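Q: File target_17.tsv follows (TSV, C-alpha atoms):
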```tsv
chain	number	residue	atom	x	y	z
A	1	MET	CA	0.00	0.00	0.00
A	2	ALA	CA	1.39	3.41	-0.98
A	3	GLN	CA	2.19	5.80	1.82
A	4	PRO	CA	0.32	9.13	1.89
A	5	PRO	CA	2.34	12.26	1.14
A	6	SER	CA	4.07	13.88	4.11
A	7	ARG	CA	3.09	17.34	2.89
A	8	TRP	CA	-0.27	18.54	1.65
A	9	LEU	CA	0.19	19.86	-1.86
A	10	ARG	CA	-3.40	21.01	-2.61
A	11	GLU	CA	-4.17	23.02	0.51
A	12	PRO	CA	-7.41	25.00	0.05
A	13	ASP	CA	-7.83	28.71	0.72
A	14	GLY	CA	-11.50	28.26	1.64
A	15	PHE	CA	-14.48	26.07	0.83
A	16	LYS	CA	-16.89	26.36	-2.05
A	17	ASP	CA	-16.87	30.07	-2.95
A	18	LEU	CA	-16.04	31.38	0.55
A	19	LYS	CA	-12.40	32.06	1.37
A	20	PHE	CA	-10.79	31.94	4.78
A	21	GLY	CA	-10.79	35.51	6.06
A	22	ASP	CA	-13.95	36.54	4.16
A	23	SER	CA	-16.24	38.71	6.26
A	24	MET	CA	-19.87	37.94	6.99
A	25	LYS	CA	-20.79	40.79	4.63
A	26	VAL	CA	-18.85	39.15	1.77
A	27	ALA	CA	-20.56	35.83	2.57
A	28	GLN	CA	-23.97	37.52	2.50
A	29	LEU	CA	-23.17	39.14	-0.87
A	30	LYS	CA	-22.22	35.72	-2.24
A	31	ALA	CA	-25.44	34.26	-0.80
A	32	ASP	CA	-27.47	37.00	-2.49
A	33	SER	CA	-25.62	36.43	-5.76
A	34	ARG	CA	-26.32	32.69	-5.61
A	35	TYR	CA	-30.00	33.36	-4.91
A	36	GLN	CA	-30.25	35.73	-7.87
A	37	ALA	CA	-28.58	33.16	-10.13
A	38	SER	CA	-30.59	30.12	-9.07
A	39	GLY	CA	-33.71	31.37	-7.30
A	40	GLU	CA	-32.85	29.12	-4.36
A	41	PHE	CA	-31.37	29.87	-0.99
A	42	THR	CA	-28.31	27.63	-1.09
A	43	LEU	CA	-26.20	29.71	1.32
A	44	LEU	CA	-27.93	31.16	4.36
A	45	CYS	CA	-26.03	33.57	6.60
A	46	LEU	CA	-26.98	34.20	10.21
A	47	PRO	CA	-24.91	37.16	11.49
A	48	THR	CA	-26.40	36.89	14.98
A	49	VAL	CA	-24.66	33.54	15.50
A	50	ASP	CA	-21.59	34.18	13.27
A	51	GLN	CA	-22.46	31.32	10.92
A	52	CYS	CA	-23.57	30.56	7.38
A	53	THR	CA	-25.11	27.25	6.38
A	54	ASP	CA	-25.03	25.43	3.07
A	55	SER	CA	-25.02	21.89	1.73
A	56	ILE	CA	-22.91	19.82	-0.64
A	57	ASN	CA	-23.38	16.49	-2.36
A	58	VAL	CA	-21.25	13.71	-0.87
A	59	GLY	CA	-23.26	10.61	-1.78
A	60	ASP	CA	-23.20	8.38	-4.80
A	61	GLU	CA	-26.10	7.82	-7.20
A	62	LYS	CA	-27.75	5.29	-4.88
A	63	ALA	CA	-27.71	7.78	-2.00
A	64	ALA	CA	-29.07	10.48	-4.32
A	65	GLU	CA	-31.98	8.24	-5.29
A	66	MET	CA	-32.84	7.91	-1.60
A	67	GLY	CA	-32.31	11.63	-0.92
A	68	ASN	CA	-29.40	10.91	1.43
A	69	GLU	CA	-26.54	12.44	-0.53
A	70	LYS	CA	-26.32	15.86	1.15
A	71	ALA	CA	-23.89	17.04	3.79
A	72	GLU	CA	-24.95	19.90	6.05
A	73	VAL	CA	-22.20	22.52	6.04
A	74	ILE	CA	-21.60	25.30	8.56
A	75	PHE	CA	-19.18	28.16	7.90
A	76	ILE	CA	-17.98	29.59	11.23
A	77	PHE	CA	-16.86	33.18	11.62
A	78	GLU	CA	-14.74	34.64	14.43
A	79	ARG	CA	-14.20	38.39	14.67
A	80	ASP	CA	-16.14	38.70	11.40
A	81	ARG	CA	-13.75	36.44	9.46
A	82	MET	CA	-14.47	32.94	8.14
A	83	VAL	CA	-12.09	30.59	9.97
A	84	ARG	CA	-13.67	27.12	9.98
A	85	VAL	CA	-15.98	24.90	7.94
A	86	MET	CA	-17.73	21.93	9.48
A	87	GLY	CA	-19.91	19.33	7.82
A	88	ARG	CA	-22.11	16.43	8.86
A	89	PHE	CA	-23.44	13.69	6.61
A	90	LEU	CA	-24.68	10.11	6.81
A	91	LYS	CA	-21.95	7.60	7.60
A	92	GLU	CA	-23.08	5.46	4.66
A	93	ASN	CA	-21.58	8.18	2.43
A	94	TYR	CA	-18.20	8.22	4.21
A	95	GLU	CA	-16.24	6.29	1.57
A	96	ASN	CA	-17.67	8.35	-1.27
A	97	ALA	CA	-17.01	11.61	0.60
A	98	LEU	CA	-13.45	10.49	1.30
A	99	LYS	CA	-12.96	9.83	-2.44
A	100	LEU	CA	-14.41	13.25	-3.29
A	101	PHE	CA	-12.08	15.00	-0.83
A	102	ALA	CA	-9.06	13.01	-2.09
A	103	THR	CA	-9.92	13.93	-5.69
A	104	ARG	CA	-10.24	17.60	-4.84
A	105	TYR	CA	-7.49	18.01	-2.22
A	106	GLY	CA	-5.11	15.10	-2.85
A	107	ARG	CA	-4.39	12.10	-0.66
A	108	ALA	CA	-4.57	12.54	3.09
A	109	THR	CA	-1.30	13.33	4.84
A	110	THR	CA	-2.33	11.07	7.76
A	111	VAL	CA	-4.63	8.06	7.84
A	112	SER	CA	-5.04	7.08	11.48
A	113	SER	CA	-7.68	4.40	10.99
A	114	LEU	CA	-10.35	3.25	8.57
A	115	SER	CA	-12.59	5.90	10.08
A	116	SER	CA	-10.30	8.95	10.11
A	117	SER	CA	-8.14	10.74	7.55
A	118	SER	CA	-6.40	14.10	7.94
A	119	TRP	CA	-4.70	16.65	5.75
A	120	VAL	CA	-2.29	19.17	7.31
A	121	GLY	CA	-0.78	22.04	5.36
A	122	ASP	CA	1.05	25.25	6.13
A	123	LYS	CA	-2.09	27.22	7.05
A	124	VAL	CA	-5.03	24.82	6.90
A	125	GLN	CA	-5.91	21.45	8.36
A	126	MET	CA	-8.75	19.16	7.38
A	127	ARG	CA	-10.17	15.98	8.86
A	128	ILE	CA	-12.89	13.60	7.75
A	129	THR	CA	-14.08	10.98	10.20
A	130	HIS	CA	-17.00	8.89	11.29
A	131	GLY	CA	-17.99	8.02	14.78
A	132	PRO	CA	-18.68	4.74	16.56
A	133	SER	CA	-21.18	2.21	15.27
A	134	ASP	CA	-24.05	3.79	17.23
A	135	ASP	CA	-23.53	7.13	15.46
A	136	ASP	CA	-25.09	7.25	11.98
A	137	ASN	CA	-23.14	10.38	11.02
A	138	ALA	CA	-19.76	11.23	9.59
A	139	TYR	CA	-18.07	14.63	9.86
A	140	PHE	CA	-15.50	16.88	8.27
A	141	THR	CA	-13.70	19.98	9.47
A	142	ILE	CA	-11.57	22.39	7.45
A	143	GLU	CA	-9.97	25.12	9.51
A	144	LEU	CA	-7.13	27.55	9.84
A	145	ILE	CA	-4.37	25.93	11.90
A	146	ALA	CA	-3.80	29.10	13.93
A	147	VAL	CA	-7.46	29.13	15.00
A	148	ALA	CA	-7.40	25.43	15.89
A	149	ARG	CA	-4.28	25.93	18.02
A	150	ALA	CA	-5.80	28.96	19.78
A	151	ASP	CA	-8.97	26.95	20.51
A	152	ALA	CA	-6.91	24.03	21.88
A	153	LYS	CA	-4.86	26.38	24.06
A	154	SER	CA	-8.00	28.07	25.39
A	155	LYS	CA	-9.59	24.68	26.16
A	156	ALA	CA	-6.43	23.49	27.95
A	157	GLU	CA	-6.34	26.68	30.04
A	158	LYS	CA	-10.02	26.29	30.98
A	159	ASP	CA	-9.48	22.62	31.86
A	160	ALA	CA	-6.46	23.50	34.01
A	161	ALA	CA	-8.40	26.27	35.78
A	162	SER	CA	-11.31	23.90	36.38
A	163	LYS	CA	-9.00	21.22	37.84
A	164	LYS	CA	-7.30	23.82	40.01
A	165	LYS	CA	-10.69	25.00	41.29
A	166	GLU	CA	-11.71	21.39	42.05
A	167	THR	CA	-8.50	20.63	43.99
A	168	SER	CA	-8.72	23.88	45.94
A	169	ARG	CA	-12.12	22.81	47.31
A	170	TRP	CA	-10.51	19.89	49.09
```
What would the structure in this file look like if it were written as structure tokens?
A:
Amino acid sequence: MAQPPSRWLREPDGFKDLKFGDSMKVAQLKADSRYQASGEFTLLCLPTVDQCTDSINVGDEKAAEMGNEKAEVIFIFERDRMVRVMGRFLKENYENALKLFATRYGRATTVSSLSSSSWVGDKVQMRITHGPSDDDNAYFTIELIAVARADAKSKAEKDAASKKKETSRW
């Protein structure tokens, strides 16, 4: 079996037509433009919660026939800049979604199991995974590495403060 590349060569600068760093206003303009072109709301922006929602096709023809081919996509904004994209879809579409991502972004830089593949670049990281057998969903995340690291640091600091508070009670 061929080893995945150690470096991600097709690192994205966004997802669909939204770029990392785009403001909510830019996203709303793109949503309006899509609506004018198609007559359908395919991208819905909710400035009050710093998110836009959309969908993509991840299933094969069989899934499409059953209406199960869509992935729900959420674009997350922090400080009015798009920094993360998250998606959820039916686990039955995992293999097809993995093939779609590999076609678009190249082979994963890390395959940790049959249920998890990751791509790590200079600025962006991406992961596609599915949960345990009792979870019918699979997920993907595409995010700026700097944001992911800041979130991890913040979580670690909160966890440490919580543990410190617990031990000080004794």
Q: Counting all atoms listed in the file, note down every residue that has an atom within 10 Å of the point (-21.5, 12.7, -2.6) (file coordinates), as a PyMOL selection string.
A: chain A and resi 56-64+68-71+89+93-101
Q: What does the distance between atom CA of Gln28 of chain A and atom CA of Lys16 of chain A come to in Å, to one decimal place?
A: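 Those two atoms sit 14.0 Å apart.
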Q: Identify, on the basis of all atoms listed in the file, every residue whose closest approach to Leu114 of chain A does not exceed 10 Å; exclude the query and any residue fewer than 2 positions from it along the same chain; express the result as a JSON list (two decimals) with C-alpha atoms, in the coordinates of the input.
A:
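Writing the result to result29.json gives the following:
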```
[["chain", "number", "residue", "atom", "x", "y", "z"],
["A", 95, "GLU", "CA", -16.24, 6.29, 1.57],
["A", 111, "VAL", "CA", -4.63, 8.06, 7.84],
["A", 112, "SER", "CA", -5.04, 7.08, 11.48],
["A", 116, "SER", "CA", -10.30, 8.95, 10.11],
["A", 117, "SER", "CA", -8.14, 10.74, 7.55],
["A", 129, "THR", "CA", -14.08, 10.98, 10.20],
["A", 130, "HIS", "CA", -17.00, 8.89, 11.29]]
```
Q: Calculate how many Å separate atom CA of Gly106 of chain A from atom CA of Leu9 of chain A, rounding to one decimal.
A: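 One can read the atom CA of Gly106 of chain A to atom CA of Leu9 of chain A distance as 7.2 Å.
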Q: Choose the residue, out of A:Ser115, A:Thr42, A:Ser154, A:Gln125, that has the smallest atom-to-atom separation from Ala138 of chain A; count all atoms listed in the file.
A: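 Using all atoms listed in the file, Ala138 of chain A sits closest to A:Ser115.
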Q: Mind pulling up the distance from atom CA of Ile142 of chain A to atom CA of Arg127 of chain A?
A: 6.7 Å
